[in-house]
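Asks: Before anything else, here's the structure in question.
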8 protein chains.
Amino acid sequence: MNVLFDHARHARIGLPEAVLCQGKDPETISRIVREHALGAPILYTRLTPETFARLTPEAAASLNYHPLSRTAWTGTMPQAPRGRVAVVSAGTADGPATHEAARTLAYLGIGHTVYEDRGVAGLWRIGEHITEINAHDVIIVVAGMDAALAAVMGGLTPKPVFAVPVSSGYGASRNGETALFAMLASCAPGVTVCNIDNGYGAACAAARVVRLLNE
Amino acid sequence: MNVLFDHARHARIGLPEAVLCQGKDPETISRIVREHALGAPILYTRLTPETFARLTPEAAASLNYHPLSRTAWTGTMPQAPRGRVAVVSAGTADGPATHEAARTLAYLGIGHTVYEDRGVAGLWRIGEHITEINAHDVIIVVAGMDAALAAVMGGLTPKPVFAVPVSSGYGASRNGETALFAMLASCAPGVTVCNIDNGYGAACAAARVVRLLNE
Amino acid sequence: MNVLFDHARHARIGLPEAVLCQGKDPETISRIVREHALGAPILYTRLTPETFARLTPEAAASLNYHPLSRTAWTGTMPQAPRGRVAVVSAGTADGPATHEAARTLAYLGIGHTVYEDRGVAGLWRIGEHITEINAHDVIIVVAGMDAALAAVMGGLTPKPVFAVPVSSGYGASRNGETALFAMLASCAPGVTVCNIDNGYGAACAAARVVRLLNE
Amino acid sequence: MNVLFDHARHARIGLPEAVLCQGKDPETISRIVREHALGAPILYTRLTPETFARLTPEAAASLNYHPLSRTAWTGTMPQAPRGRVAVVSAGTADGPATHEAARTLAYLGIGHTVYEDRGVAGLWRIGEHITEINAHDVIIVVAGMDAALAAVMGGLTPKPVFAVPVSSGYGASRNGETALFAMLASCAPGVTVCNIDNGYGAACAAARVVRLLNE
Amino acid sequence: MNVLFDHARHARIGLPEAVLCQGKDPETISRIVREHALGAPILYTRLTPETFARLTPEAAASLNYHPLSRTAWTGTMPQAPRGRVAVVSAGTADGPATHEAARTLAYLGIGHTVYEDRGVAGLWRIGEHITEINAHDVIIVVAGMDAALAAVMGGLTPKPVFAVPVSSGYGASRNGETALFAMLASCAPGVTVCNIDNGYGAACAAARVVRLLNE
Amino acid sequence: MNVLFDHARHARIGLPEAVLCQGKDPETISRIVREHALGAPILYTRLTPETFARLTPEAAASLNYHPLSRTAWTGTMPQAPRGRVAVVSAGTADGPATHEAARTLAYLGIGHTVYEDRGVAGLWRIGEHITEINAHDVIIVVAGMDAALAAVMGGLTPKPVFAVPVSSGYGASRNGETALFAMLASCAPGVTVCNIDNGYGAACAAARVVRLLNE
Amino acid sequence: MNVLFDHARHARIGLPEAVLCQGKDPETISRIVREHALGAPILYTRLTPETFARLTPEAAASLNYHPLSRTAWTGTMPQAPRGRVAVVSAGTADGPATHEAARTLAYLGIGHTVYEDRGVAGLWRIGEHITEINAHDVIIVVAGMDAALAAVMGGLTPKPVFAVPVSSGYGASRNGETALFAMLASCAPGVTVCNIDNGYGAACAAARVVRLLNE
Amino acid sequence: MNVLFDHARHARIGLPEAVLCQGKDPETISRIVREHALGAPILYTRLTPETFARLTPEAAASLNYHPLSRTAWTGTMPQAPRGRVAVVSAGTADGPATHEAARTLAYLGIGHTVYEDRGVAGLWRIGEHITEINAHDVIIVVAGMDAALAAVMGGLTPKPVFAVPVSSGYGASRNGETALFAMLASCAPGVTVCNIDNGYGAACAAARVVRLLNE
């Protein structure tokens with residue numbers, strides 16, 4: 001498998017290249033890491049602990065790896081002077097997507113705070129931090145199952161809200177499709193939605209807004 | 001079309017016979033009304049204004065009709081001494097199912113209060129009435145689109161909660177299936193769910209509980 | 001992964017905290033057990049034998065574990081003076097959800113009887129116990145595949161009926177969605193439905209009714 | 001639109017040609033009727049009253065039309081000496097498919113009895129006629145919504161059972177797909193299933209068995 | 001898990017008890033085999049080689065096991081004097097369902113012939129045996145992917161045809177749902193359909209017809 | 001609504017501009033016709049008789065309209081010297097898509113023959129013309145319901161086969177999705193598939209091959 | 001139907017109240033218009049020409065109505081000093097959603113430019129305006145069918161991109177779900193998605209970003 | 001399992017027999033290889049490295065195996081004098097289907113070039129090779145997720161285009177169904193589609209066109 005890197009992408013859309021590791025075998029990932037170890041920083045997503053453990057020792061050693069978020073990088077981007085992002089999640093099952101978003105923001109040099117376990121079954125968990133959350137410039141909401149947190153947050157903040165549905169739960173959760181459709185159908189206006197479990201995508205969406213603030 | 005009435009059902013399960021008018025033509029409904037006009041009370045559901053207008057004048061005259069809920073009856077059941085039900089809905093689009101539940105409760109002789117337009121995009125709408133709502137014995141929650149109200153209510157009340165998903169909205173609302181699945185996947189424990197738009201079913205579920213309180 | 005416990009939930013909705021183990025690794029579960037071993041009772045659901053075997057010996061030792069139901073607890077709630085629940089299942093494949101319901105009821109201090117293998121392909125299996133079943137206050141029906149038992153039971157009892165669809169079977173059973181939809185579409189009025197395999201949810205719904213009887 | 005008739009089909013598979021009127025305009029149907037008025041009997045299915053009313057007077061006059069079943073014919077087949085079919089339906093909403101099956105049997109010259117309104121919500125409706133029903137050679141079961149009647153009947157008869165799911169109901173009935181899947185997943189062994197609303201197909205399946213009895 | 005056997009089923013519907021092994025662990029199956037080893041014959045279906053290898057030696061020794069069909073029995077029923085069944089399959093991927101049907105017929109004492117690899121991509125494969133196939137009393141058609149064989153066979157035989165969709169293939173085959181829907185939508189009249197991969201069900205359907213021929 | 005025409009498309013991909021009329025109101029279509037009446041030929045697809053009847057008289061007069069195929073044009077392309085296409089359909093319900101393909105071929109100047117009513121329920125209908133059909137260079141197969149004709153034809157011809165699923169039928173036909181998936185899953189190798197009812201697309205695919213033959 | 005207006009929403013989330021007219025009858029809408037005619041500006045969405053024509057003359061007269069976008073207002077918000085939005089659509093069938101977005105932006109006082117008919121089948125249509133489009137602060141992309149425009153635009157701009165799937169097309173377009181899923185699965189990072197046909201939602205998302213620029 | 005080979009297929013449709021290894025165990029495949037080792041060349045598809053490693057040494061030794069494409073052969077067909085195919089893929093995740101197409105073309109003796117990693121997120125990747133790609137006679141496009149490459153390529157080439165959707169990605173990619181539907185709904189006319197991941201099928205479709213060029 002030949003991999004063509006889009007070196008111009010950073011210049012064109014302001015987001016550096018990322019490597020989706022899902023569907024790639026350890027040999028391919030190790031080779032990519034080796035070939036790009038000395039170049040510009042690269043973010044690796046969906047790199048499971050199982051696959052990470054099977055990389056070559058040299059590849060593994062050159063990566064900053066974070067198991068919960070399944071992300072790794074060979075360096076990060078310079079810190080953005082303006083723009084902070086709040087990452088708010090509903091439950092512990094949302095951990096991987098929540099921290100994929102947080103790690104991608106860290107990689108992109110964007111300041112952020114993570115608020116976990118703020119599901120709507122206990123509304124006071126959100127209420128007691130809403131002023132603090134609203135002091136950020138962009139809100140990322142991560143939630144699975146009924147995803148009610150997205151509607152609730154969308155009604156409590158004037159900031160851009162990017163919602164990440166999560167594939168947790170079982171049965172009627174339908175691997176995250178219920179959360180996805182519920183977020184899209186939400187009556188809180190102006191909440192937009194990423195692919196299921198795509199914390200990386202939400203961080204990139206936030207980065208597009210943050211970039212605008214820094215122009 | 002021959003219609004066999006289950007006269008023993010009231011004795012057996014405590015719920016009198018109801019006639020689902022959807023899929024029946026005006027002639028059939030008129031005949032059922034005429035044949036049973038002098039007997040025990042009967043509830044007619046999903047009787048649209050269009051169909052009601054095409055009933056025979058005699059049939060129409062013997063019915064107590066309520067267009068928004070699309071229900072009619074030829075009499076109501078005796079009032080239950082104990083048990084009150086709160087019917088809480090998220091938005092105006094939930095009107096038909098909300099009032100189908102309320103009218104069925106009225107027909108079954110069960111006291112109830114209707115709280116409309118309590119969607120989670122404005123949480124204060126729920127908060128300001130939660131104590132009053134919790135003074136009821138059973139809660140029926142009616143909501144479409146993301147149905148976040150069911151999860152929120154389920155986390156605010158210890159009472160039995162019956163959730164009715166509604167087929168309002170468009171696109172990702174998927175004719176009520178998103179609300180249905182979101183209610184089933186809700187992390188608020190012990191919330192159970194009726195068929196889409198089935199306010200009648202929620203009222204019957206409430207009636208089963210109320211009956212228990214009156215034993 | 002940080003876990004915020006909702007200590008006020010018991011007071012607010014009458015149901016103590018439960019921990020969904022699915023999607024949590026053995027280390028996280030062991031840590032939760034250790035930190036809460038001396039506090040209020042906690043119920044753990046969807047704790048598979050495989051995961052239980054990988055808990056720390058201390059965590060495993062402090063848990064009352066039941067493999068078929070995949071539940072564990074560190075103590076149970078005081079016995080409720082009033083209210084008994086019948087748990088009726090269609091076939092042996094319904095065992096996990098049936099016993100998840102029964103164990104949750106035991107944890108919540110609610111008296112109950114389990115009736116297994118009462119599928120409608122042999123109607124006499126239900127008929128011979130219907131009077132005994134109807135002597136309970138709440139009925140939980142657990143069934144997979146065509147879930148016909150829910151409709152049949154709903155027509156034979158005046159008590160509140162909570163139906164649990166089960167993901168057994170293959171092909172047209174669609175991992176429990178056929179049972180789910182069949183239960184929702186059932187013509188027996190007032191039967192309400194839980195998520196697929198969610199015996200815990202049905203027990204919580206029953207507990208809401210039982211709580212009402214004890215007010 | 002040119003229509004090629006398969007004149008050899010009767011000889012080959014024992015079932016005469018039928019014309020599915022759905023999707024054909026009144027002009028085309030009128031022309032088919034006229035061209036075949038003097039030939040072998042033909043059955044017309046899914047001929048709605050609206051379309052029938054727009055046929056040419058000559059075409060309408062040469063047809064034996066039955067509005068509820070939406071069928072018409074220009075003659076019937078000779079009576080089969082052996083084999084009787086019971087057509088059992090769950091509710092009045094099953095009328096069109098039930099009578100499409102009955103009329104097709106009449107057209108094919110096969111003796112039959114129709115039992116309507118035998119839904120499982122009232123089990124005694126089936127119980128009181130089961131011996132009489134079992135005196136037939138083939139059973140056709142017509143049911144919508146949860147279709148529990150198919151499983152119940154399959155457990156009460158040793159005869160071939162052909163199940164017809166019906167597109168009645170709303171929401172979770174999913175236009176008959178819930179009934180279809182529930183019938184296929186039924187635990188009563190040897191029940192086979194036709195397309196949704198396809199009473200014609202069930203009658204043809206019965207005819208294949210009846211033909212075997214007359215060999 | 002308690003297992004109630006329906007001993008009266010054979011008398012009532014002419015089909016002896018069968019045990020669906022899928023979803024049962026080796027201990028449960030071994031116990032069932034041991035407890036019923038001396039009683040009436042029992043058929044075990046969906047007993048994979050992996051599970052069979054984990055039965056107790058005693059249980060394994062008392063079973064007549066056939067790996068491809070994943071069936072086992074402890075004895076067979078007496079041979080039926082009349083009625084023969086043809087089992088026709090489209091490709092080698094249909095082997096498990098094809099032989100589940102054939103083994104169930106053998107267990108039920110019904111004569112049968114298996115015709116494999118008769119897919120419609122090579123029509124001559126069917127044509128050269130159609131007269132021989134039509135000499136049977138009932139036809140079972142087993143096919144996956146587009147399942148075109150069911151429509152073709154339905155147009156070539158006057159005998160009862162029971163179609164079994166198979167979950168082979170990938171992508172658009174959708175785990176057998178495409179074959180299922182194609183068989184149901186088939187324009188060959190009177191073909192009825194079993195659950196996906198349910199060769200056992202097709203054999204039971206055939207047995208209901210064969211029983212009629214032996215009355 | 002502003003409409004930008006892609007005048008360079010003909011040069012670039014060899015297919016002239018076409019106007020999809022579905023979703024456009026009569027005023028918009030009339031304006032497009034008027035503005036382009038004197039220019040290069042344009043094909044209009046999915047122009048229903050109802051919409052055609054509401055065009056301005058000038059627009060209607062400048063169009064060559066064909067109601068069954070719902071197509072119109074203001075002129076045709078020059079005749080291609082090489083390449084002939086056979087359009088084979090399964091039943092009369094396939095008429096609109098069949099003739100949309102044929103009319104598009106006529107518009108594109110490509111010779112073709114239409115073979116209707118060749119469904120596989122009567123295999124001789126195909127067999128008697130297969131040599132004649134194989135004398136064409138490209139085969140378009142149009143079929144709904146189980147779409148078995150596509151697999152059969154794919155096994156009988158070495159020529160490129162483009163399959164058009166049709167939204168006829170009901171229930172399990174699922175508005176053409178069953179035919180679509182069956183065609184994609186077909187075991188006849190090298191059959192490729194167009195969108196449901198898209199006779200225009202199949203003709204364009206054929207035109208790409210015919211263009212190659214004329215290079 | 002009682003309608004509770006959320007008067008505090010503007011202050012809380014910076015977006016004024018909007019009225020979704022779909023599912024409301026002309027009498028209800030007329031009453032809302034009359035009661036709020038003198039108050040703060042209100043936006044009405046999904047107000048079809050058919051419904052608008054049935055409003056009371058007074059209601060109709062107080063509305064600024066735009067049929068293609070199906071929007072109306074009783075006044076607009078003050079112009080935002082900073083922030084401009086580009087609305088880019090793929091084809092003429094995207095008109096309603098495109099102009100719903102544009103009208104909502106106009107109502108919210110946000111400068112914007114509309115670029116229609118920029119589908120990827122003719123890439124030069126996008127290429128020739130990309131620099132001009134990139135001079136805006138936020139990009140809204142409206143596209144149906146395969147929605148390839150969203151991926152292409154996402155790869156050509158560093159600005160926030162909000163994608164609106166459209167329910168145009170037929171068959172495989174699946175009423176906009178294909179466009180929805182394709183936009184969510186897009187490999188262009190940081191593109192987020194609104195509900196199908198929800199131009200209003202995309203404009204609200206853009207307004208959240210524009211509000212940030214004006215802080 | 002008996003395997004009937006269709007030896008006449010090559011003569012009839014110009015495509016030699018291929019063996020789909022998915023769903024066959026190593027013993028069956030080894031036997032097929034042994035029995036046909038000396039006969040005409042055979043192509044084996046979907047032969048995973050895991051299965052290949054479990055073939056008998058003799059079988060493995062007689063096969064030319066290619067792990068990424070999961071294909072093997074025992075010889076290839078003679079080289080076709082005319083006709084060249086371009087295989088263009090969007091990303092590295094498309095490798096298996098891309099190389100299944102390429103290997104099938106090699107087996108069929110058809111010249112071809114592979115262009116990988118040409119996704120639309122970087123349009124210049126396509127633009128810089130479009131003239132070279134258009135010098136081929138047939139284009140195969142392989143793409144997953146939003147599959148936008150198919151629409152873009154279809155608008156840039158007049159050659160026959162066969163599109164292969166790929167099951168890469170997650171969430172909204174829906175195992176390749178989003179790519180499948182997007183390709184079918186593509187507004188680029190005359191692009192036809194194969195089953196998900198079916199590079200073999202696309203190569204066979206190309207071979208049908210190449211065969212025409214060599215007539």
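Chain labels A, B, ... are given in the sequence in which chains occur in the structure tokens; within each chain residues are numbered consecutively from 1, and ligands are likewise numbered from 1 in the order shown.
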Got a sec to tell me which of region 18-169 of chain C DSSP assigns to helix (DSSP H, G or I), as a count of residues only?
Replies: 56
Asks: Residues of chain D that have any atom at most 12 Å from an atom of chain B: could you tabulate them with the shortest-distance atom pair and the distance in Å to one decimal, using only C-alpha atoms, ordered by chain and increasing number, as JSON lines?
Replies:
```
{"residue": "D:Pro67", "atom": "CA", "partner": "B:Met1", "partner_atom": "CA", "distance": 11.5}
{"residue": "D:Leu68", "atom": "CA", "partner": "B:Met1", "partner_atom": "CA", "distance": 8.4}
{"residue": "D:Ser69", "atom": "CA", "partner": "B:Met1", "partner_atom": "CA", "distance": 10.7}
{"residue": "D:Ser89", "atom": "CA", "partner": "B:Asn2", "partner_atom": "CA", "distance": 11.1}
{"residue": "D:Ala90", "atom": "CA", "partner": "B:Leu4", "partner_atom": "CA", "distance": 10.5}
{"residue": "D:Gly91", "atom": "CA", "partner": "B:Val3", "partner_atom": "CA", "distance": 7.8}
{"residue": "D:Thr92", "atom": "CA", "partner": "B:Met1", "partner_atom": "CA", "distance": 6.3}
{"residue": "D:Ala93", "atom": "CA", "partner": "B:Gly23", "partner_atom": "CA", "distance": 6.3}
{"residue": "D:Asp94", "atom": "CA", "partner": "B:Met1", "partner_atom": "CA", "distance": 9.3}
{"residue": "D:Gly95", "atom": "CA", "partner": "B:Met1", "partner_atom": "CA", "distance": 6.5}
{"residue": "D:Pro96", "atom": "CA", "partner": "B:Met1", "partner_atom": "CA", "distance": 9.3}
{"residue": "D:Ala97", "atom": "CA", "partner": "B:Met1", "partner_atom": "CA", "distance": 11.9}
{"residue": "D:Thr98", "atom": "CA", "partner": "B:Met1", "partner_atom": "CA", "distance": 10.2}
{"residue": "D:His99", "atom": "CA", "partner": "B:Met1", "partner_atom": "CA", "distance": 9.6}
{"residue": "D:Val114", "atom": "CA", "partner": "B:Asn2", "partner_atom": "CA", "distance": 10.8}
{"residue": "D:Tyr115", "atom": "CA", "partner": "B:Asn2", "partner_atom": "CA", "distance": 9.7}
{"residue": "D:Glu116", "atom": "CA", "partner": "B:Asn2", "partner_atom": "CA", "distance": 7.1}
{"residue": "D:Asp117", "atom": "CA", "partner": "B:Leu4", "partner_atom": "CA", "distance": 6.0}
{"residue": "D:Arg118", "atom": "CA", "partner": "B:Leu4", "partner_atom": "CA", "distance": 8.4}
{"residue": "D:Gly119", "atom": "CA", "partner": "B:Leu4", "partner_atom": "CA", "distance": 10.1}
{"residue": "D:Val120", "atom": "CA", "partner": "B:Asp6", "partner_atom": "CA", "distance": 11.2}
{"residue": "D:Ala121", "atom": "CA", "partner": "B:Arg9", "partner_atom": "CA", "distance": 8.9}
{"residue": "D:Gly122", "atom": "CA", "partner": "B:Asp6", "partner_atom": "CA", "distance": 7.0}
{"residue": "D:Leu123", "atom": "CA", "partner": "B:Asp6", "partner_atom": "CA", "distance": 10.3}
{"residue": "D:Trp124", "atom": "CA", "partner": "B:Asp6", "partner_atom": "CA", "distance": 9.8}
{"residue": "D:Arg125", "atom": "CA", "partner": "B:Asp6", "partner_atom": "CA", "distance": 8.8}
{"residue": "D:Met145", "atom": "CA", "partner": "B:Asn195", "partner_atom": "CA", "distance": 10.9}
{"residue": "D:Asp146", "atom": "CA", "partner": "B:Asn195", "partner_atom": "CA", "distance": 11.8}
{"residue": "D:Val166", "atom": "CA", "partner": "B:Gly23", "partner_atom": "CA", "distance": 11.8}
{"residue": "D:Ser167", "atom": "CA", "partner": "B:Gly23", "partner_atom": "CA", "distance": 10.2}
{"residue": "D:Ser168", "atom": "CA", "partner": "B:Gly23", "partner_atom": "CA", "distance": 7.3}
{"residue": "D:Gly169", "atom": "CA", "partner": "B:Gln22", "partner_atom": "CA", "distance": 8.0}
{"residue": "D:Tyr170", "atom": "CA", "partner": "B:Ile196", "partner_atom": "CA", "distance": 7.6}
{"residue": "D:Gly171", "atom": "CA", "partner": "B:Ile196", "partner_atom": "CA", "distance": 4.9}
{"residue": "D:Ala172", "atom": "CA", "partner": "B:Asn195", "partner_atom": "CA", "distance": 6.0}
{"residue": "D:Ser173", "atom": "CA", "partner": "B:Asn195", "partner_atom": "CA", "distance": 8.8}
{"residue": "D:Arg174", "atom": "CA", "partner": "B:Glu177", "partner_atom": "CA", "distance": 10.0}
```
Asks: Figure out the distance between CA of Leu149 (chain C) and CA of Ala163 (chain C), please, to one decimal in Å.
Replies: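 Taking CA of Ala163 (chain C) as the start and CA of Leu149 (chain C) as the end point, the length is 9.3 Å.
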Asks: For a test of reading the model, state the distance in Å between CA of Val88 (chain A) and CA of Leu212 (chain A), rounded to one decimal.
Replies: 22.2 Å
Asks: To one decimal in Å, tell me the separation between CA of Val19 (chain C) and CA of Tyr200 (chain C).
Replies: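 About the pair CA of Val19 (chain C) and CA of Tyr200 (chain C): they are 11.1 Å apart.
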Asks: Could you give me, as a ChimeraX atom specification, the residues within 7 Å of Thr113 (chain D), counting only C-alpha atoms and dropping anything in the same chain fewer than 5 positions from it?
Replies: /D:85-87
Asks: For Ala53 (chain B), work out the shell of residues within 12 Å, counting only C-alpha atoms and skipping chain neighbours fewer than 2 positions away, then give it as a ChimeraX atom specification.
Replies: /B:25-27,29-30,47-51,55-61,63,65,67,70
Asks: Within 8 Å of Thr74 (chain E), counting only C-alpha atoms, which residues qualify if same-chain residues fewer than 3 places away don't, as JSON, numbers by chain?
Replies: {"E": [37, 41, 42, 43, 62, 63, 64]}
Asks: Those residues with N, CA and C atoms, as a tab-separated table (two decimals), in the first residue's frame please?
Replies:
```
chain	number	residue	atom	x	y	z
E	37	ALA	N	-31.48	-38.88	27.44
E	37	ALA	CA	-30.81	-39.88	26.60
E	37	ALA	C	-31.67	-41.12	26.40
E	41	PRO	N	-36.72	-39.63	20.94
E	41	PRO	CA	-35.67	-38.98	20.16
E	41	PRO	C	-35.78	-37.46	20.25
E	42	ILE	N	-34.63	-36.80	20.29
E	42	ILE	CA	-34.60	-35.35	20.28
E	42	ILE	C	-33.61	-34.90	19.21
E	43	LEU	N	-33.99	-33.79	18.49
E	43	LEU	CA	-33.10	-33.21	17.49
E	43	LEU	C	-32.42	-31.98	18.10
E	62	SER	N	-23.52	-40.10	23.07
E	62	SER	CA	-24.91	-40.51	22.82
E	62	SER	C	-25.54	-39.78	21.64
E	63	LEU	N	-24.78	-38.87	21.02
E	63	LEU	CA	-25.35	-38.10	19.92
E	63	LEU	C	-24.85	-38.61	18.57
E	64	ASN	N	-25.75	-38.65	17.58
E	64	ASN	CA	-25.38	-38.83	16.18
E	64	ASN	C	-25.15	-37.43	15.64
```
Asks: Quick one: everything within 12 Å of Val210 (chain F), counting only C-alpha atoms, minus sequence neighbours fewer than 4 positions away in the same chain. Send it as a ChimeraX atom specification.
Replies: /F:14-15,79-85,105,108-112,136-139,160,203-206,214-215 /H:137,158-160,190,209,212-213
Asks: Would you list the contacts of Gly199 (chain D) as a VMD selection string, taking every protein, DNA or RNA residue within 6 Å and counting only C-alpha atoms, but skipping same-chain residues closer than 3 positions in sequence?
Replies: chain D and resid 97 100 to 101 202
Asks: If you run DSSP on the backbone, which residues of region 48-77 of chain B are strand (DSSP E or B), as a list in words?
Replies: Asn64, Tyr65, His66, Thr71, Ala72 and Trp73 of chain B
Asks: Write out the residues from the selection above, keeping N, CA and C atoms, as a PDB file, in the first residue's frame.
Replies:
```
ATOM      1  N   ASN B  64     -69.065  12.206  21.504  1.00  0.00           N
ATOM      2  CA  ASN B  64     -68.369  13.363  22.063  1.00  0.00           C
ATOM      3  C   ASN B  64     -67.010  13.398  21.367  1.00  0.00           C
ATOM      4  N   TYR B  65     -66.853  14.342  20.419  1.00  0.00           N
ATOM      5  CA  TYR B  65     -65.657  14.337  19.565  1.00  0.00           C
ATOM      6  C   TYR B  65     -64.705  15.474  19.933  1.00  0.00           C
ATOM      7  N   HIS B  66     -63.390  15.204  19.852  1.00  0.00           N
ATOM      8  CA  HIS B  66     -62.352  16.182  20.178  1.00  0.00           C
ATOM      9  C   HIS B  66     -61.311  16.129  19.062  1.00  0.00           C
ATOM     10  N   THR B  71     -60.038  11.863  19.104  1.00  0.00           N
ATOM     11  CA  THR B  71     -60.758  10.850  19.888  1.00  0.00           C
ATOM     12  C   THR B  71     -62.240  11.197  19.977  1.00  0.00           C
ATOM     13  N   ALA B  72     -63.033  10.177  20.227  1.00  0.00           N
ATOM     14  CA  ALA B  72     -64.467  10.365  20.463  1.00  0.00           C
ATOM     15  C   ALA B  72     -64.909   9.309  21.462  1.00  0.00           C
ATOM     16  N   TRP B  73     -65.997   9.601  22.160  1.00  0.00           N
ATOM     17  CA  TRP B  73     -66.552   8.575  23.036  1.00  0.00           C
ATOM     18  C   TRP B  73     -68.058   8.692  23.114  1.00  0.00           C
TER      19      TRP B  73
END
```
